[in-house]
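Heads up, the thing below is written out as structure tokens.
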Amino acid sequence: MLSKDTLIEVSNRGLCNVGYKVPDLGVRRQFAPNETKEISMEELRSLSYQPGGRTILEHYLIIHNQDAVAELLGTVEPEYNYTSKDVYDLLAYGTLDQLLDCLDFAPEGVIELIKDEAVKMELNDVRKREAILEKTNFNVTKAIQHNRESDTGEAPAAEKQSTRRAAPITETIEAPHRRAPQSYKVTSMG
């Protein structure tokens, strides 16, 4: 068991701010996205007893000490320890089954990283895009399209001004005529 004064590295794995209060210790913490802080084991223990504290530790923060994780959360899935680099590697080089397992067992913060990284890297694997859509209801294809449109400042295809490719058909249509002159003479027999 770790002593209460042991400092543990804790990071916000998500894309939004995470905060908590521990009234017994008079502590109020705010983590910016991807921020890492050293927190005492006593504070982490107290946080785990607060309503919602375990959820914060399990889904939004990552504890970088396996002994502390074992004490506070028990056994965790391997996806608990995934970093942004691990998520990139999973999307770029992992199998579809590995991604599906991650989507089933990863904490909420890792799921958010998957969605963000898939859009950033413009994930090419359509099966992985469909898996993310099915499991999270987040459409990677639409998000990529939206980013491209906002980067170029172009309106969506439905709102674009169309340009003509050919001249329109006029109201007076000429009767068919030969393109080449006739080179033979017609005579009547009779």
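Labels for the structure tokens follow display order: chains A, B, ..., residues from 1 in each chain, ligands from 1.
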
* Which neighbours of segment 97-102 of chain A fall inside 10 Å, counting only C-alpha atoms, when residues of the same chain fewer than 4 positions from it are skipped, and could you give them as a PyMOL selection string? -> chain A and resi 77-80+82+87+90-91+93+106-107+110-111+114+128+131-132+135

Just N, CA, C and O atoms for this one: save the residues we selected as a short mmCIF file (atom, residue, chain, number, x, y, z; two decimals), in the first residue's frame.
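After the write, selection_22.cif holds the following:
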```cif
data_model
loop_
_atom_site.label_atom_id
_atom_site.label_comp_id
_atom_site.auth_asym_id
_atom_site.auth_seq_id
_atom_site.Cartn_x
_atom_site.Cartn_y
_atom_site.Cartn_z
N GLU A 77 -9.01 -2.59 -17.69
CA GLU A 77 -8.76 -3.11 -19.03
C GLU A 77 -7.48 -2.47 -19.57
O GLU A 77 -7.13 -1.36 -19.18
N PRO A 78 -6.78 -3.14 -20.48
CA PRO A 78 -5.54 -2.57 -21.05
C PRO A 78 -5.77 -1.20 -21.69
O PRO A 78 -4.88 -0.35 -21.69
N GLU A 79 -6.96 -0.95 -22.23
CA GLU A 79 -7.26 0.31 -22.89
C GLU A 79 -7.22 1.50 -21.93
O GLU A 79 -7.10 2.64 -22.36
N TYR A 80 -7.31 1.24 -20.61
CA TYR A 80 -7.24 2.32 -19.63
C TYR A 80 -5.95 3.11 -19.79
O TYR A 80 -5.92 4.33 -19.61
N TYR A 82 -4.18 3.63 -22.55
CA TYR A 82 -3.92 4.14 -23.89
C TYR A 82 -3.68 5.65 -23.88
O TYR A 82 -4.43 6.41 -23.26
N VAL A 87 -3.62 5.42 -29.45
CA VAL A 87 -4.85 5.53 -30.22
C VAL A 87 -4.52 5.72 -31.70
O VAL A 87 -5.12 5.09 -32.57
N LEU A 90 -3.40 2.41 -33.04
CA LEU A 90 -4.56 1.53 -33.18
C LEU A 90 -5.32 1.83 -34.47
O LEU A 90 -5.66 0.92 -35.23
N LEU A 91 -5.56 3.11 -34.73
CA LEU A 91 -6.32 3.48 -35.92
C LEU A 91 -5.51 3.26 -37.20
O LEU A 91 -6.06 2.83 -38.22
N TYR A 93 -2.63 1.22 -37.63
CA TYR A 93 -2.03 -0.09 -37.85
C TYR A 93 -2.79 -1.25 -37.22
O TYR A 93 -2.52 -2.41 -37.53
N ALA A 106 -12.83 0.44 -23.53
CA ALA A 106 -12.05 1.63 -23.16
C ALA A 106 -12.89 2.60 -22.33
O ALA A 106 -14.11 2.68 -22.49
N PRO A 107 -12.22 3.38 -21.47
CA PRO A 107 -12.93 4.43 -20.74
C PRO A 107 -13.36 5.54 -21.70
O PRO A 107 -12.86 5.66 -22.82
N VAL A 110 -10.77 7.68 -23.62
CA VAL A 110 -10.11 7.03 -24.76
C VAL A 110 -11.05 7.04 -25.97
O VAL A 110 -10.59 7.26 -27.10
N ILE A 111 -12.33 6.85 -25.76
CA ILE A 111 -13.30 6.90 -26.86
C ILE A 111 -13.27 8.28 -27.51
O ILE A 111 -13.28 8.41 -28.74
N ILE A 114 -10.25 8.54 -29.65
CA ILE A 114 -10.44 7.79 -30.91
C ILE A 114 -11.19 8.65 -31.91
O ILE A 114 -10.78 8.77 -33.08
N LYS A 128 -13.38 0.79 -40.24
CA LYS A 128 -13.13 1.40 -38.92
C LYS A 128 -14.03 2.61 -38.71
O LYS A 128 -14.54 2.82 -37.61
N ALA A 131 -17.35 1.24 -37.78
CA ALA A 131 -17.34 0.71 -36.42
C ALA A 131 -17.48 1.84 -35.40
O ALA A 131 -18.23 1.73 -34.42
N ILE A 132 -16.76 2.93 -35.64
CA ILE A 132 -16.85 4.08 -34.74
C ILE A 132 -18.26 4.66 -34.76
O ILE A 132 -18.83 4.97 -33.71
N LYS A 135 -20.65 2.19 -32.85
CA LYS A 135 -20.45 2.10 -31.40
C LYS A 135 -20.66 3.42 -30.67
O LYS A 135 -21.03 3.42 -29.50
#
```

* For Glu9 of chain A, please output as a PyMOL selection string all residues within 8 Å (counting only C-alpha atoms; exclusion window: fewer than 2 positions along the same chain). => chain A and resi 7+11+36-39+63-65

Residues as selected, C-alpha atoms, written as a compact mmCIF listing (two decimals), in the first residue's frame, can you do that?
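What ended up in selection.txt:
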```txt
# COMPACT_ATOMS: atom_id res chain seq x y z
CA LEU A 7 3.06 11.75 -5.33
CA SER A 11 -3.14 13.29 -16.56
CA THR A 36 -0.38 16.29 -16.08
CA LYS A 37 -0.08 17.00 -12.36
CA GLU A 38 1.47 15.27 -9.38
CA ILE A 39 -1.23 14.43 -6.85
CA ILE A 63 -3.17 7.46 -13.22
CA HIS A 64 0.44 6.74 -14.23
CA ASN A 65 1.21 4.37 -11.35
```

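These are the residues of segment 11-91 of chain A assigned strand (DSSP E) by DSSP from backbone coordinates: A:Ser11, A:Asn12, A:Val18, A:Gly19, A:Tyr20, A:Lys21, A:Val22, A:Val27, A:Arg28, A:Arg29, A:Gln30, A:Phe31, A:Thr36, A:Lys37, A:Glu38, A:Ile39, A:Ser40, A:Leu61, A:Ile62, A:Ile63.
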
Please save N, CA, C and O atoms of the selected residues as a PDB file, in the first residue's frame.
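Result written to part.pdb:
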```pdb
ATOM      1  N   SER A  11      -2.935  12.461 -15.366  1.00  0.00           N
ATOM      2  CA  SER A  11      -3.139  13.287 -16.562  1.00  0.00           C
ATOM      3  C   SER A  11      -4.601  13.312 -16.959  1.00  0.00           C
ATOM      4  O   SER A  11      -5.328  12.345 -16.769  1.00  0.00           O
ATOM      5  N   ASN A  12      -4.987  14.424 -17.552  1.00  0.00           N
ATOM      6  CA  ASN A  12      -6.295  14.523 -18.180  1.00  0.00           C
ATOM      7  C   ASN A  12      -6.138  13.965 -19.583  1.00  0.00           C
ATOM      8  O   ASN A  12      -5.427  14.517 -20.404  1.00  0.00           O
ATOM      9  N   VAL A  18     -11.236  18.972 -16.899  1.00  0.00           N
ATOM     10  CA  VAL A  18     -11.766  18.070 -15.884  1.00  0.00           C
ATOM     11  C   VAL A  18     -11.439  18.690 -14.533  1.00  0.00           C
ATOM     12  O   VAL A  18     -10.307  19.130 -14.302  1.00  0.00           O
ATOM     13  N   GLY A  19     -12.419  18.721 -13.662  1.00  0.00           N
ATOM     14  CA  GLY A  19     -12.192  19.296 -12.342  1.00  0.00           C
ATOM     15  C   GLY A  19     -12.888  18.493 -11.264  1.00  0.00           C
ATOM     16  O   GLY A  19     -13.810  17.730 -11.534  1.00  0.00           O
ATOM     17  N   TYR A  20     -12.409  18.666 -10.054  1.00  0.00           N
ATOM     18  CA  TYR A  20     -13.041  18.003  -8.912  1.00  0.00           C
ATOM     19  C   TYR A  20     -12.711  18.760  -7.635  1.00  0.00           C
ATOM     20  O   TYR A  20     -11.792  19.579  -7.596  1.00  0.00           O
ATOM     21  N   LYS A  21     -13.505  18.477  -6.608  1.00  0.00           N
ATOM     22  CA  LYS A  21     -13.282  19.036  -5.266  1.00  0.00           C
ATOM     23  C   LYS A  21     -13.171  17.891  -4.279  1.00  0.00           C
ATOM     24  O   LYS A  21     -13.874  16.895  -4.395  1.00  0.00           O
ATOM     25  N   VAL A  22     -12.289  18.075  -3.310  1.00  0.00           N
ATOM     26  CA  VAL A  22     -12.193  17.160  -2.181  1.00  0.00           C
ATOM     27  C   VAL A  22     -12.330  18.036  -0.932  1.00  0.00           C
ATOM     28  O   VAL A  22     -11.343  18.561  -0.418  1.00  0.00           O
ATOM     29  N   VAL A  27      -9.355  20.841  -1.194  1.00  0.00           N
ATOM     30  CA  VAL A  27      -8.691  20.828  -2.495  1.00  0.00           C
ATOM     31  C   VAL A  27      -9.716  21.025  -3.604  1.00  0.00           C
ATOM     32  O   VAL A  27     -10.801  20.436  -3.566  1.00  0.00           O
ATOM     33  N   ARG A  28      -9.355  21.859  -4.551  1.00  0.00           N
ATOM     34  CA  ARG A  28     -10.141  22.036  -5.775  1.00  0.00           C
ATOM     35  C   ARG A  28      -9.147  22.012  -6.930  1.00  0.00           C
ATOM     36  O   ARG A  28      -8.256  22.834  -6.993  1.00  0.00           O
ATOM     37  N   ARG A  29      -9.307  21.051  -7.844  1.00  0.00           N
ATOM     38  CA  ARG A  29      -8.354  20.879  -8.960  1.00  0.00           C
ATOM     39  C   ARG A  29      -9.052  21.057 -10.295  1.00  0.00           C
ATOM     40  O   ARG A  29     -10.185  20.644 -10.470  1.00  0.00           O
ATOM     41  N   GLN A  30      -8.330  21.627 -11.234  1.00  0.00           N
ATOM     42  CA  GLN A  30      -8.761  21.749 -12.623  1.00  0.00           C
ATOM     43  C   GLN A  30      -7.628  21.226 -13.498  1.00  0.00           C
ATOM     44  O   GLN A  30      -6.479  21.618 -13.328  1.00  0.00           O
ATOM     45  N   PHE A  31      -7.964  20.361 -14.426  1.00  0.00           N
ATOM     46  CA  PHE A  31      -7.008  19.849 -15.399  1.00  0.00           C
ATOM     47  C   PHE A  31      -7.412  20.365 -16.777  1.00  0.00           C
ATOM     48  O   PHE A  31      -8.544  20.139 -17.209  1.00  0.00           O
ATOM     49  N   THR A  36      -0.826  17.285 -17.063  1.00  0.00           N
ATOM     50  CA  THR A  36      -0.383  16.292 -16.082  1.00  0.00           C
ATOM     51  C   THR A  36       0.002  17.011 -14.800  1.00  0.00           C
ATOM     52  O   THR A  36       0.664  18.050 -14.837  1.00  0.00           O
ATOM     53  N   LYS A  37      -0.421  16.443 -13.680  1.00  0.00           N
ATOM     54  CA  LYS A  37      -0.085  17.003 -12.358  1.00  0.00           C
ATOM     55  C   LYS A  37       0.353  15.878 -11.444  1.00  0.00           C
ATOM     56  O   LYS A  37      -0.011  14.719 -11.657  1.00  0.00           O
ATOM     57  N   GLU A  38       1.113  16.233 -10.423  1.00  0.00           N
ATOM     58  CA  GLU A  38       1.471  15.268  -9.381  1.00  0.00           C
ATOM     59  C   GLU A  38       0.513  15.464  -8.219  1.00  0.00           C
ATOM     60  O   GLU A  38       0.423  16.554  -7.655  1.00  0.00           O
ATOM     61  N   ILE A  39      -0.193  14.405  -7.882  1.00  0.00           N
ATOM     62  CA  ILE A  39      -1.230  14.432  -6.854  1.00  0.00           C
ATOM     63  C   ILE A  39      -0.849  13.433  -5.763  1.00  0.00           C
ATOM     64  O   ILE A  39      -0.382  12.334  -6.056  1.00  0.00           O
ATOM     65  N   SER A  40      -1.099  13.818  -4.520  1.00  0.00           N
ATOM     66  CA  SER A  40      -0.776  12.898  -3.422  1.00  0.00           C
ATOM     67  C   SER A  40      -1.750  11.723  -3.428  1.00  0.00           C
ATOM     68  O   SER A  40      -2.904  11.839  -3.842  1.00  0.00           O
ATOM     69  N   LEU A  61      -9.434  10.800 -16.226  1.00  0.00           N
ATOM     70  CA  LEU A  61      -8.038  10.975 -15.849  1.00  0.00           C
ATOM     71  C   LEU A  61      -7.317   9.645 -16.005  1.00  0.00           C
ATOM     72  O   LEU A  61      -7.946   8.592 -15.975  1.00  0.00           O
ATOM     73  N   ILE A  62      -6.019   9.710 -16.171  1.00  0.00           N
ATOM     74  CA  ILE A  62      -5.232   8.479 -16.223  1.00  0.00           C
ATOM     75  C   ILE A  62      -4.175   8.566 -15.126  1.00  0.00           C
ATOM     76  O   ILE A  62      -3.466   9.560 -15.006  1.00  0.00           O
ATOM     77  N   ILE A  63      -4.127   7.540 -14.314  1.00  0.00           N
ATOM     78  CA  ILE A  63      -3.166   7.459 -13.215  1.00  0.00           C
ATOM     79  C   ILE A  63      -1.952   6.698 -13.737  1.00  0.00           C
ATOM     80  O   ILE A  63      -2.081   5.563 -14.200  1.00  0.00           O
TER      81      ILE A  63
END
```

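If you look at atom CA of Val126 of chain A and atom CA of Ala143 of chain A, they are 13.8 Å away from each other.
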
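The coordinates place atom CA of Leu72 of chain A at 12.9 Å from atom CA of Val10 of chain A.
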
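Proximity to Asp67 of chain A was assessed for A:Lys142, A:Met1, A:Ala166, A:Asn137 counting only C-alpha atoms; the smallest distance is recorded for A:Met1.
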
* Glu108 of chain A environment, 9 Å, only C-alpha atoms, sequence neighbours closer than 6 positions dropped, as a PyMOL selection string -> chain A and resi 14+58-60

Atoms to include: all heavy atoms. Write the selected residues as an mmCIF file, in the first residue's frame.
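Final output, again.cif:
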```
data_model
loop_
_atom_site.group_PDB
_atom_site.id
_atom_site.type_symbol
_atom_site.label_atom_id
_atom_site.label_comp_id
_atom_site.auth_asym_id
_atom_site.auth_seq_id
_atom_site.Cartn_x
_atom_site.Cartn_y
_atom_site.Cartn_z
ATOM 1 N N GLY A 14 -8.551 13.596 -21.741
ATOM 2 C CA GLY A 14 -9.609 14.057 -22.630
ATOM 3 C C GLY A 14 -9.309 15.360 -23.337
ATOM 4 O O GLY A 14 -8.234 15.946 -23.220
ATOM 5 N N GLU A 58 -11.624 6.846 -13.390
ATOM 6 C CA GLU A 58 -11.708 5.717 -14.308
ATOM 7 C C GLU A 58 -11.821 6.150 -15.774
ATOM 8 O O GLU A 58 -11.220 5.537 -16.646
ATOM 9 C CB GLU A 58 -12.940 4.887 -13.932
ATOM 10 C CG GLU A 58 -12.894 3.463 -14.377
ATOM 11 C CD GLU A 58 -14.035 2.673 -13.750
ATOM 12 O OE1 GLU A 58 -14.200 2.712 -12.514
ATOM 13 O OE2 GLU A 58 -14.772 2.036 -14.517
ATOM 14 N N HIS A 59 -12.583 7.208 -16.035
ATOM 15 C CA HIS A 59 -12.906 7.554 -17.421
ATOM 16 C C HIS A 59 -12.193 8.777 -17.970
ATOM 17 O O HIS A 59 -11.995 8.864 -19.185
ATOM 18 C CB HIS A 59 -14.414 7.748 -17.579
ATOM 19 C CG HIS A 59 -15.175 6.477 -17.434
ATOM 20 N ND1 HIS A 59 -15.254 5.542 -18.434
ATOM 21 C CD2 HIS A 59 -15.873 5.980 -16.382
ATOM 22 C CE1 HIS A 59 -15.968 4.524 -18.021
ATOM 23 N NE2 HIS A 59 -16.362 4.759 -16.776
ATOM 24 N N TYR A 60 -11.840 9.742 -17.144
ATOM 25 C CA TYR A 60 -11.352 11.015 -17.676
ATOM 26 C C TYR A 60 -9.902 11.329 -17.323
ATOM 27 O O TYR A 60 -9.240 12.069 -18.045
ATOM 28 C CB TYR A 60 -12.266 12.155 -17.234
ATOM 29 C CG TYR A 60 -13.672 11.915 -17.714
ATOM 30 C CD1 TYR A 60 -14.655 11.431 -16.860
ATOM 31 C CD2 TYR A 60 -13.999 12.100 -19.052
ATOM 32 C CE1 TYR A 60 -15.935 11.164 -17.321
ATOM 33 C CE2 TYR A 60 -15.272 11.841 -19.526
ATOM 34 C CZ TYR A 60 -16.241 11.370 -18.648
ATOM 35 O OH TYR A 60 -17.496 11.094 -19.119
#
```

* Residues at most 9 Å from Met41 of chain A, counting only C-alpha atoms, excluding those fewer than 2 positions away in the same chain, as a PyMOL selection string? -> chain A and resi 2-8+39+43-46+68

Please list as a JSON list (two decimals) with C-alpha atoms, in the first residue's frame every residue within 10 Å of Thr136 of chain A, counting only C-alpha atoms and excluding residues in the same chain fewer than 5 positions away.
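Produced file selection-v5.json, reproduced below:
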```
[["chain", "number", "residue", "atom", "x", "y", "z"],
["A", 103, "LEU", "CA", -14.58, 0.71, -28.35],
["A", 104, "ASP", "CA", -16.22, -1.90, -26.09],
["A", 111, "ILE", "CA", -13.30, 6.90, -26.86],
["A", 112, "GLU", "CA", -13.11, 10.69, -27.22],
["A", 115, "LYS", "CA", -13.06, 10.10, -32.40],
["A", 130, "GLU", "CA", -18.34, 2.42, -39.69],
["A", 131, "ALA", "CA", -17.34, 0.71, -36.42]]
```

* Asked: So how far away is atom CA of Gly26 of chain A from atom CA of Val76 of chain A, in Å?
  -> 29.0 Å
